[in-house]
Amino acid sequence: MDRPDGAGTAAQAHREPEEDAPGQEETAAPPADLALQKDWGPLFGRVLATYVRRLWALLVVAALPALPVTLLSQALVVAPARDGAYLNGLLETAADPLTPALVAAAGVLALLGLALAPFAVGGSVLLGTAALLGRRISPRQAWRGARVRYFTVLAWVLALIALVVLAAGLYLWAVASDWPPVLTAFLILPALLLLLTPLTVSLPLALVEGRGLLRALVEAYRMARYRVGVHLTLVGLSYGVSVAAGTGLEWALLRWTDLVEGAPVLSAATLLAGLVAAPLSLLLGCSAVVCADPGNREVRVPNQPDVRNLDLVRAGEHLPEATAPEPGRSSDSALSGPRLIVVPALVLAVFGAPLLGPGLLAANPFDLPQMDAHPLDSADSDEMSVSLEPTQEGALVGVADAYTDLEVCDPRCRGTAEHERSWKGGGVRVVDGGALWTVWREYEHEEADGADRNAPHPDSGLYLLSCADITDCESPDQETQVRPYSDSPFDVASAVTPLADGRLLVASSVRAEDSPSSDTGAGQDRGGVRLHLCADTACADPEAVQLPEELRAGGFLVTGEFLALAAAPDGGYAMAVTDTARGSLSLVACAEQACTDPEITQIHGERFIGEHDSRLRTRFGARVAFRSEGTPVLAYRDPQGGRAHLVDCHDALCTEFSDSAVTGPGWARPLPGLAVDSQDRAHLLTPNFAQERLVLLSCADRACSQTSSTPLLELEEGEPALTALALDERDRPHMLWGQGEADARMGGTVFEAQAQYLRCTEPLCGSQV
């Protein structure tokens, strides 16, 4: 019969014996310390009180048996950090997760986890259910009780895994069959909860009443017969608490704080919240067997058996007896020994072991490169010239393609100016916080009609523009026509750089229109490669140097790094000249401040027997830098085969040089980034197509016969298109990197790139040259 406090006996499904019924024996009385809860208020009060009082015991019971698996699994957590890089503090792994060793280790851990799960799961469920009923048992008693029902709990764990895998498989199949994801989840989740509810209730029922899993499932269905809503609510709350502590907390922190997905602090917060919320989730799931809510009595059929409640008599027989605490020792003690040793050890086991892997990941145990990475919106194609100047906070970036764009990365990149459209052939140089750029302009006679409208115009030609402050450059401070060119320009290219003596060097190339009507008379500019030396940005009276006619640069309807300029530290300059039509590369060098007859050295001859018109012409070109003693260094990618080359000049004019291939062949043709460090060692930023990685290639000697390769990022599915490199005073690399896809459209192929600015936090990205 029901106790005065509302706790019912209801042994199995037997009805209460009628008073004074002859021939019936009185049922055994339930233990005095066990009680059920009829109403929602007392039930939730009991759950919360038990959670507060038994939180530590529940954590210990679940954590200690799983400690071997927890510790060993941290190796799998740390394994991805053996290869990759840290971007904005987050690991971007390049390690293969399906190596035989990792797959075997994961299989062993899964088997070990299954073997130990009955102690962790069964022990915590037994301790929690006993506490809800009113009996306080120790962790050791809970483990012994779980050992008795070991195979029952193991079968329950396997059934739970099978059910979740089935639901996940159905969801993936439906989504792959073009079902709307929201509708699919709306259909599968209720069905999953209906199946999870009796399975969840069956475990505490099996442990407390001492039943097998199948019989416990049958009794769980009987128990929920008139209180389906009660059980669904409690089990739904149980799993809802776990989801809220994990996914919900992570979503809230990402939305309302500055944390980013994958951040160590975010992982630690969600992990700790999950650990603390797990006992509450468990108690809510176990509370269904403690609930004696009478259910919907109005729907009962006459002579129908009473509502099935937990059999307290049977529970009293199978639950461990409550034990009084020993003097000087808590009843929750799981280990013997002094408290000053046992308590810290348990804290480490419960909280320290799960945080070991994330902590090691945050500490970068394998010394992977650490970089800041931020999108660079202005570099959205592969037809451009770029300039990069490191600063204390990041870098200043200039990009010349269809427009000249200036950006400040500190380290997040933001655009500061977008200047006039220049169809082809512009160049840009960011220096001393300001910017220099060149633009080809072709003017029309607006007052004229017909053919006279497009007649040669004296204002057409190459212009030099400048800003002293890149952050205040909506309009240029100065602009000057450097090279008048009244004819229609073809195959244009240009570049600009300041020299050591304060002058400016402007390089340009243009091919005249090959038609008799284009003859503008003697003394007019007939195209070719030309240098202009300007005293300052006003460039009032530039000194012009006409280079030989056979020297060609640029290409038909393309833009790129076809003229690459660099200033020598003690005066002089060097310029790499690339002809995309035939694939030749030459170096124009001057070792003196006043030089009107520079030395021209051919690095390699023509690569094509006919005019080349591949879309990869935009990637042809070279980059030039100087060592401290004044000798040039070049980097280029061979149009045939795609190998990156380093050219080491033996003197200031590069009359003698060594040309070494420093990478293997590649299917793409991005121009390598080039920089020289404080010890005169050359470094290249280039994809390694064999490893499918972007690497920083460091030369150990002048000729680059020995190199050290530092992998940075994994190559994605897109085509590599942009690499640029600069070193700051601490030899920390600042890089531009872009990949994209070629889109065939009417009239040609358009390449759409996505670029980013990268900055290593360590010198040479941690490379040991």
# chains A, B, ... in the order shown; residues from 1 in each chain; ligands from 1

$ closest_atom_pairs --of "segment 610-651 of chain A" --to "segment 570-579 of chain A" --cutoff "12 Å" --atoms "only C-alpha atoms" --output "JSON lines"
{"residue": "A:Glu611", "atom": "CA", "partner": "A:Asp579", "partner_atom": "CA", "distance": 10.0}
{"residue": "A:His612", "atom": "CA", "partner": "A:Asp579", "partner_atom": "CA", "distance": 9.9}
{"residue": "A:Asp613", "atom": "CA", "partner": "A:Asp579", "partner_atom": "CA", "distance": 11.7}
{"residue": "A:Arg617", "atom": "CA", "partner": "A:Asp579", "partner_atom": "CA", "distance": 9.4}
{"residue": "A:Thr618", "atom": "CA", "partner": "A:Thr578", "partner_atom": "CA", "distance": 10.8}
{"residue": "A:Arg619", "atom": "CA", "partner": "A:Thr578", "partner_atom": "CA", "distance": 10.6}
{"residue": "A:Phe620", "atom": "CA", "partner": "A:Thr578", "partner_atom": "CA", "distance": 7.2}
{"residue": "A:Gly621", "atom": "CA", "partner": "A:Thr578", "partner_atom": "CA", "distance": 5.3}
{"residue": "A:Ala622", "atom": "CA", "partner": "A:Ala576", "partner_atom": "CA", "distance": 6.2}
{"residue": "A:Arg623", "atom": "CA", "partner": "A:Ala576", "partner_atom": "CA", "distance": 7.0}
{"residue": "A:Val624", "atom": "CA", "partner": "A:Ala576", "partner_atom": "CA", "distance": 6.8}
{"residue": "A:Ala625", "atom": "CA", "partner": "A:Ala574", "partner_atom": "CA", "distance": 8.3}
{"residue": "A:Phe626", "atom": "CA", "partner": "A:Ala574", "partner_atom": "CA", "distance": 8.6}
{"residue": "A:Arg627", "atom": "CA", "partner": "A:Asp570", "partner_atom": "CA", "distance": 10.8}
{"residue": "A:Ser628", "atom": "CA", "partner": "A:Asp570", "partner_atom": "CA", "distance": 8.7}
{"residue": "A:Glu629", "atom": "CA", "partner": "A:Asp570", "partner_atom": "CA", "distance": 8.4}
{"residue": "A:Gly630", "atom": "CA", "partner": "A:Asp570", "partner_atom": "CA", "distance": 7.0}
{"residue": "A:Thr631", "atom": "CA", "partner": "A:Ala574", "partner_atom": "CA", "distance": 9.3}
{"residue": "A:Pro632", "atom": "CA", "partner": "A:Ala574", "partner_atom": "CA", "distance": 7.0}
{"residue": "A:Val633", "atom": "CA", "partner": "A:Ala574", "partner_atom": "CA", "distance": 9.4}
{"residue": "A:Leu634", "atom": "CA", "partner": "A:Ala576", "partner_atom": "CA", "distance": 7.9}
{"residue": "A:Ala635", "atom": "CA", "partner": "A:Ala576", "partner_atom": "CA", "distance": 9.7}
{"residue": "A:Tyr636", "atom": "CA", "partner": "A:Ala576", "partner_atom": "CA", "distance": 9.7}
{"residue": "A:Arg637", "atom": "CA", "partner": "A:Thr578", "partner_atom": "CA", "distance": 11.3}
{"residue": "A:Asp638", "atom": "CA", "partner": "A:Thr578", "partner_atom": "CA", "distance": 11.3}
{"residue": "A:Pro639", "atom": "CA", "partner": "A:Thr578", "partner_atom": "CA", "distance": 11.0}
{"residue": "A:Val647", "atom": "CA", "partner": "A:Ala576", "partner_atom": "CA", "distance": 11.3}
{"residue": "A:Cys649", "atom": "CA", "partner": "A:Ala574", "partner_atom": "CA", "distance": 11.1}
{"residue": "A:Asp651", "atom": "CA", "partner": "A:Ala574", "partner_atom": "CA", "distance": 11.9}

$ residues_around --residues "Pro42 of chain A" --least-positions-apart "6" --cutoff "10 Å" --atoms "only C-alpha atoms" --output "list in words"
Leu36, Leu48 and Cys291 of chain A

$ atom_distance --atom1 "atom CA of Gln754 of chain A" --atom2 "atom CA of Leu376 of chain A"
7.6 Å

$ residues_around --residues "Phe44 of chain A" --least-positions-apart "5" --cutoff "10 Å" --atoms "only C-alpha atoms" --output "ChimeraX atom specification"
/A:37,39,49-50,234,283-284,287,291

$ residues_around --residues "Glu92 of chain A" --least-positions-apart "5" --cutoff "9 Å" --atoms "only C-alpha atoms" --output "PyMOL selection string"
chain A and resi 80-81+83-87+713-714

$ closest_residue --among "A:Leu170, A:Val61, A:Ala159, A:Leu531" --to "Gln141 of chain A" --atoms "only C-alpha atoms"
A:Val61

$ residues_around --residues "segment 190-206 of chain A" --least-positions-apart "5" --cutoff "6 Å" --atoms "only C-alpha atoms" --output "list in words"
Arg211, Ala216, Leu217, Ala220 and Val235 of chain A

$ closest_residue --among "A:Ala273, A:Leu58, A:Ala500, A:Ala101" --to "Leu76 of chain A" --atoms "only C-alpha atoms"
A:Ala101

$ select_by_dssp --residues "segment 407-531 of chain A" --states "strand (DSSP E or B)" --output "tab-separated table (two decimals) with N, CA, C and O atoms, in the first residue's frame"
chain	number	residue	atom	x	y	z
A	407	GLU	N	45.51	48.72	-48.89
A	407	GLU	CA	44.93	48.14	-47.69
A	407	GLU	C	45.93	48.23	-46.55
A	407	GLU	O	47.15	48.17	-46.75
A	408	VAL	N	45.38	48.33	-45.33
A	408	VAL	CA	46.17	48.31	-44.10
A	408	VAL	C	45.79	47.05	-43.34
A	408	VAL	O	44.61	46.83	-43.04
A	409	CYS	N	46.76	46.20	-43.03
A	409	CYS	CA	46.54	44.97	-42.27
A	409	CYS	C	47.22	45.14	-40.91
A	409	CYS	O	48.44	45.26	-40.84
A	413	CYS	N	42.76	43.12	-42.23
A	413	CYS	CA	42.96	43.97	-43.39
A	413	CYS	C	41.70	44.78	-43.68
A	413	CYS	O	40.58	44.26	-43.63
A	414	ARG	N	41.92	46.04	-43.97
A	414	ARG	CA	40.82	46.93	-44.35
A	414	ARG	C	41.29	47.83	-45.48
A	414	ARG	O	42.42	48.29	-45.50
A	415	GLY	N	40.43	48.06	-46.43
A	415	GLY	CA	40.77	48.90	-47.55
A	415	GLY	C	40.77	50.36	-47.16
A	415	GLY	O	39.90	50.83	-46.42
A	416	THR	N	41.74	51.10	-47.66
A	416	THR	CA	41.82	52.53	-47.39
A	416	THR	C	41.58	53.36	-48.64
A	416	THR	O	41.21	54.53	-48.53
A	417	ALA	N	41.79	52.78	-49.82
A	417	ALA	CA	41.58	53.55	-51.05
A	417	ALA	C	41.45	52.60	-52.23
A	417	ALA	O	42.10	51.56	-52.28
A	418	GLU	N	40.58	52.98	-53.16
A	418	GLU	CA	40.48	52.31	-54.45
A	418	GLU	C	40.50	53.40	-55.52
A	418	GLU	O	39.62	54.25	-55.57
A	419	HIS	N	41.53	53.37	-56.35
A	419	HIS	CA	41.74	54.46	-57.29
A	419	HIS	C	41.23	54.08	-58.68
A	419	HIS	O	40.72	53.00	-58.90
A	420	GLU	N	41.44	55.01	-59.61
A	420	GLU	CA	40.82	54.93	-60.92
A	420	GLU	C	41.09	53.60	-61.62
A	420	GLU	O	42.08	52.92	-61.37
A	421	ARG	N	40.17	53.25	-62.48
A	421	ARG	CA	40.31	52.02	-63.25
A	421	ARG	C	41.42	52.18	-64.28
A	421	ARG	O	41.50	53.19	-64.99
A	427	GLY	N	51.33	49.51	-62.02
A	427	GLY	CA	52.25	49.01	-61.00
A	427	GLY	C	52.07	49.77	-59.72
A	427	GLY	O	51.54	50.90	-59.71
A	428	VAL	N	52.49	49.20	-58.59
A	428	VAL	CA	52.30	49.84	-57.29
A	428	VAL	C	53.49	49.50	-56.40
A	428	VAL	O	54.06	48.41	-56.49
A	429	ARG	N	53.86	50.45	-55.54
A	429	ARG	CA	54.90	50.21	-54.54
A	429	ARG	C	54.51	50.96	-53.26
A	429	ARG	O	54.29	52.17	-53.29
A	430	VAL	N	54.40	50.20	-52.15
A	430	VAL	CA	54.13	50.77	-50.84
A	430	VAL	C	55.46	50.93	-50.13
A	430	VAL	O	56.21	49.96	-49.99
A	431	VAL	N	55.75	52.14	-49.66
A	431	VAL	CA	57.05	52.40	-49.05
A	431	VAL	C	56.92	53.54	-48.05
A	431	VAL	O	56.23	54.53	-48.30
A	434	GLY	N	53.69	55.31	-47.27
A	434	GLY	CA	52.96	55.90	-48.38
A	434	GLY	C	52.87	54.94	-49.55
A	434	GLY	O	53.18	53.75	-49.43
A	435	ALA	N	52.43	55.47	-50.69
A	435	ALA	CA	52.24	54.62	-51.85
A	435	ALA	C	52.61	55.37	-53.12
A	435	ALA	O	52.36	56.58	-53.25
A	436	LEU	N	53.22	54.65	-54.05
A	436	LEU	CA	53.51	55.11	-55.40
A	436	LEU	C	52.84	54.14	-56.36
A	436	LEU	O	52.91	52.92	-56.16
A	437	TRP	N	52.18	54.64	-57.39
A	437	TRP	CA	51.61	53.73	-58.37
A	437	TRP	C	51.58	54.39	-59.74
A	437	TRP	O	51.65	55.63	-59.87
A	438	THR	N	51.54	53.56	-60.75
A	438	THR	CA	51.55	54.00	-62.14
A	438	THR	C	50.29	53.56	-62.84
A	438	THR	O	49.74	52.49	-62.56
A	439	VAL	N	49.84	54.38	-63.78
A	439	VAL	CA	48.59	54.13	-64.50
A	439	VAL	C	48.79	54.53	-65.96
A	439	VAL	O	49.31	55.62	-66.24
A	440	TRP	N	48.37	53.65	-66.86
A	440	TRP	CA	48.33	53.99	-68.29
A	440	TRP	C	46.96	54.60	-68.59
A	440	TRP	O	45.92	54.05	-68.24
A	441	ARG	N	47.00	55.77	-69.27
A	441	ARG	CA	45.76	56.45	-69.64
A	441	ARG	C	45.74	56.70	-71.15
A	441	ARG	O	46.78	57.02	-71.74
A	461	GLY	N	49.26	58.40	-72.06
A	461	GLY	CA	50.56	57.87	-71.69
A	461	GLY	C	50.57	57.33	-70.27
A	461	GLY	O	49.52	57.01	-69.69
A	462	LEU	N	51.77	57.25	-69.68
A	462	LEU	CA	51.96	56.68	-68.34
A	462	LEU	C	52.03	57.81	-67.32
A	462	LEU	O	52.77	58.78	-67.49
A	463	TYR	N	51.28	57.62	-66.23
A	463	TYR	CA	51.23	58.62	-65.16
A	463	TYR	C	51.76	58.01	-63.86
A	463	TYR	O	51.53	56.82	-63.57
A	464	LEU	N	52.44	58.85	-63.09
A	464	LEU	CA	52.92	58.48	-61.76
A	464	LEU	C	52.08	59.22	-60.73
A	464	LEU	O	51.94	60.45	-60.80
A	465	LEU	N	51.53	58.48	-59.77
A	465	LEU	CA	50.71	59.04	-58.71
A	465	LEU	C	51.30	58.65	-57.36
A	465	LEU	O	51.97	57.60	-57.25
A	466	SER	N	51.03	59.45	-56.36
A	466	SER	CA	51.64	59.18	-55.06
A	466	SER	C	50.77	59.69	-53.92
A	466	SER	O	49.98	60.63	-54.08
A	467	CYS	N	50.95	59.04	-52.78
A	467	CYS	CA	50.35	59.46	-51.51
A	467	CYS	C	51.40	59.32	-50.42
A	467	CYS	O	52.11	58.30	-50.37
A	478	GLN	N	49.85	63.78	-55.56
A	478	GLN	CA	50.42	64.30	-56.80
A	478	GLN	C	50.21	63.29	-57.92
A	478	GLN	O	50.13	62.09	-57.66
A	479	GLU	N	50.12	63.78	-59.12
A	479	GLU	CA	50.13	62.92	-60.30
A	479	GLU	C	50.84	63.65	-61.43
A	479	GLU	O	50.66	64.87	-61.62
A	480	THR	N	51.66	62.91	-62.16
A	480	THR	CA	52.50	63.50	-63.20
A	480	THR	C	52.54	62.56	-64.40
A	480	THR	O	52.66	61.33	-64.23
A	481	GLN	N	52.48	63.13	-65.58
A	481	GLN	CA	52.66	62.34	-66.79
A	481	GLN	C	54.17	62.10	-66.98
A	481	GLN	O	54.94	63.03	-67.20
A	482	VAL	N	54.58	60.85	-66.84
A	482	VAL	CA	55.99	60.50	-66.93
A	482	VAL	C	56.38	60.15	-68.36
A	482	VAL	O	57.44	60.58	-68.85
A	483	ARG	N	55.54	59.39	-69.03
A	483	ARG	CA	55.86	58.95	-70.39
A	483	ARG	C	54.69	59.27	-71.31
A	483	ARG	O	53.72	58.51	-71.37
A	484	PRO	N	54.76	60.38	-72.03
A	484	PRO	CA	53.70	60.64	-73.02
A	484	PRO	C	53.70	59.57	-74.10
A	484	PRO	O	54.75	59.19	-74.62
A	490	PHE	N	49.60	48.93	-76.53
A	490	PHE	CA	49.40	47.49	-76.51
A	490	PHE	C	50.46	46.87	-75.59
A	490	PHE	O	51.58	47.38	-75.49
A	491	ASP	N	50.12	45.74	-74.99
A	491	ASP	CA	51.07	44.97	-74.16
A	491	ASP	C	51.77	45.87	-73.15
A	491	ASP	O	52.99	45.86	-73.01
A	492	VAL	N	51.01	46.66	-72.42
A	492	VAL	CA	51.59	47.64	-71.51
A	492	VAL	C	51.99	46.97	-70.20
A	492	VAL	O	51.39	45.98	-69.75
A	493	ALA	N	53.03	47.52	-69.57
A	493	ALA	CA	53.48	47.11	-68.25
A	493	ALA	C	54.21	48.29	-67.63
A	493	ALA	O	54.75	49.16	-68.33
A	494	SER	N	54.24	48.34	-66.29
A	494	SER	CA	54.94	49.43	-65.62
A	494	SER	C	55.24	49.03	-64.19
A	494	SER	O	54.63	48.11	-63.63
A	495	ALA	N	56.20	49.74	-63.60
A	495	ALA	CA	56.59	49.50	-62.21
A	495	ALA	C	57.29	50.75	-61.70
A	495	ALA	O	57.77	51.58	-62.47
A	496	VAL	N	57.36	50.89	-60.37
A	496	VAL	CA	58.01	52.05	-59.76
A	496	VAL	C	58.64	51.63	-58.45
A	496	VAL	O	58.12	50.75	-57.74
A	497	THR	N	59.79	52.26	-58.12
A	497	THR	CA	60.44	52.01	-56.84
A	497	THR	C	61.29	53.21	-56.48
A	497	THR	O	61.84	53.89	-57.36
A	498	PRO	N	61.42	53.53	-55.19
A	498	PRO	CA	62.36	54.57	-54.77
A	498	PRO	C	63.78	54.00	-54.73
A	498	PRO	O	63.98	52.81	-54.43
A	504	LEU	N	63.31	58.45	-57.73
A	504	LEU	CA	62.34	57.43	-58.09
A	504	LEU	C	62.69	56.87	-59.45
A	504	LEU	O	63.08	57.61	-60.36
A	505	LEU	N	62.54	55.57	-59.58
A	505	LEU	CA	62.76	54.88	-60.85
A	505	LEU	C	61.43	54.35	-61.35
A	505	LEU	O	60.77	53.56	-60.66
A	506	VAL	N	61.03	54.81	-62.53
A	506	VAL	CA	59.78	54.36	-63.15
A	506	VAL	C	60.15	53.56	-64.40
A	506	VAL	O	60.87	54.05	-65.27
A	507	ALA	N	59.68	52.35	-64.47
A	507	ALA	CA	59.93	51.49	-65.64
A	507	ALA	C	58.61	51.26	-66.36
A	507	ALA	O	57.55	51.13	-65.74
A	508	SER	N	58.68	51.21	-67.69
A	508	SER	CA	57.46	51.00	-68.46
A	508	SER	C	57.79	50.29	-69.75
A	508	SER	O	58.92	50.35	-70.25
A	509	SER	N	56.81	49.64	-70.29
A	509	SER	CA	56.94	48.95	-71.56
A	509	SER	C	55.62	49.04	-72.31
A	509	SER	O	54.54	48.91	-71.71
A	510	VAL	N	55.70	49.27	-73.61
A	510	VAL	CA	54.51	49.36	-74.43
A	510	VAL	C	54.88	48.94	-75.85
A	510	VAL	O	56.00	49.19	-76.30
A	511	ARG	N	53.97	48.28	-76.52
A	511	ARG	CA	54.17	47.91	-77.92
A	511	ARG	C	53.28	48.78	-78.78
A	511	ARG	O	52.08	48.90	-78.52
A	527	GLY	N	57.46	53.09	-78.57
A	527	GLY	CA	57.28	51.92	-77.73
A	527	GLY	C	58.58	51.33	-77.25
A	527	GLY	O	59.66	51.91	-77.38
A	528	GLY	N	58.49	50.12	-76.64
A	528	GLY	CA	59.65	49.46	-76.08
A	528	GLY	C	59.73	49.66	-74.57
A	528	GLY	O	58.85	50.25	-73.94
A	529	VAL	N	60.83	49.14	-74.01
A	529	VAL	CA	61.06	49.25	-72.57
A	529	VAL	C	61.85	50.51	-72.30
A	529	VAL	O	62.88	50.77	-72.94
A	530	ARG	N	61.40	51.30	-71.33
A	530	ARG	CA	62.05	52.58	-71.03
A	530	ARG	C	62.08	52.78	-69.52
A	530	ARG	O	61.16	52.40	-68.80
A	531	LEU	N	63.16	53.40	-69.05
A	531	LEU	CA	63.32	53.78	-67.65
A	531	LEU	C	63.29	55.30	-67.53
A	531	LEU	O	63.83	56.01	-68.39

$ residues_around --residues "Leu696 of chain A" --least-positions-apart "6" --cutoff "9 Å" --atoms "only C-alpha atoms" --output "list in words"
His683, Leu684, Leu685, Thr686, Pro687, Ser708, Ser709, Thr710, Pro711, Leu712, Pro733, Leu764, Cys765 and Ser767 of chain A

$ closest_residue --among "A:Leu280, A:Asp405, A:Arg82, A:Pro354" --to "Leu55 of chain A" --atoms "only C-alpha atoms"
A:Leu280

$ atom_distance --atom1 "atom CA of Ala553 of chain A" --atom2 "atom CA of Cys534 of chain A"
21.6 Å
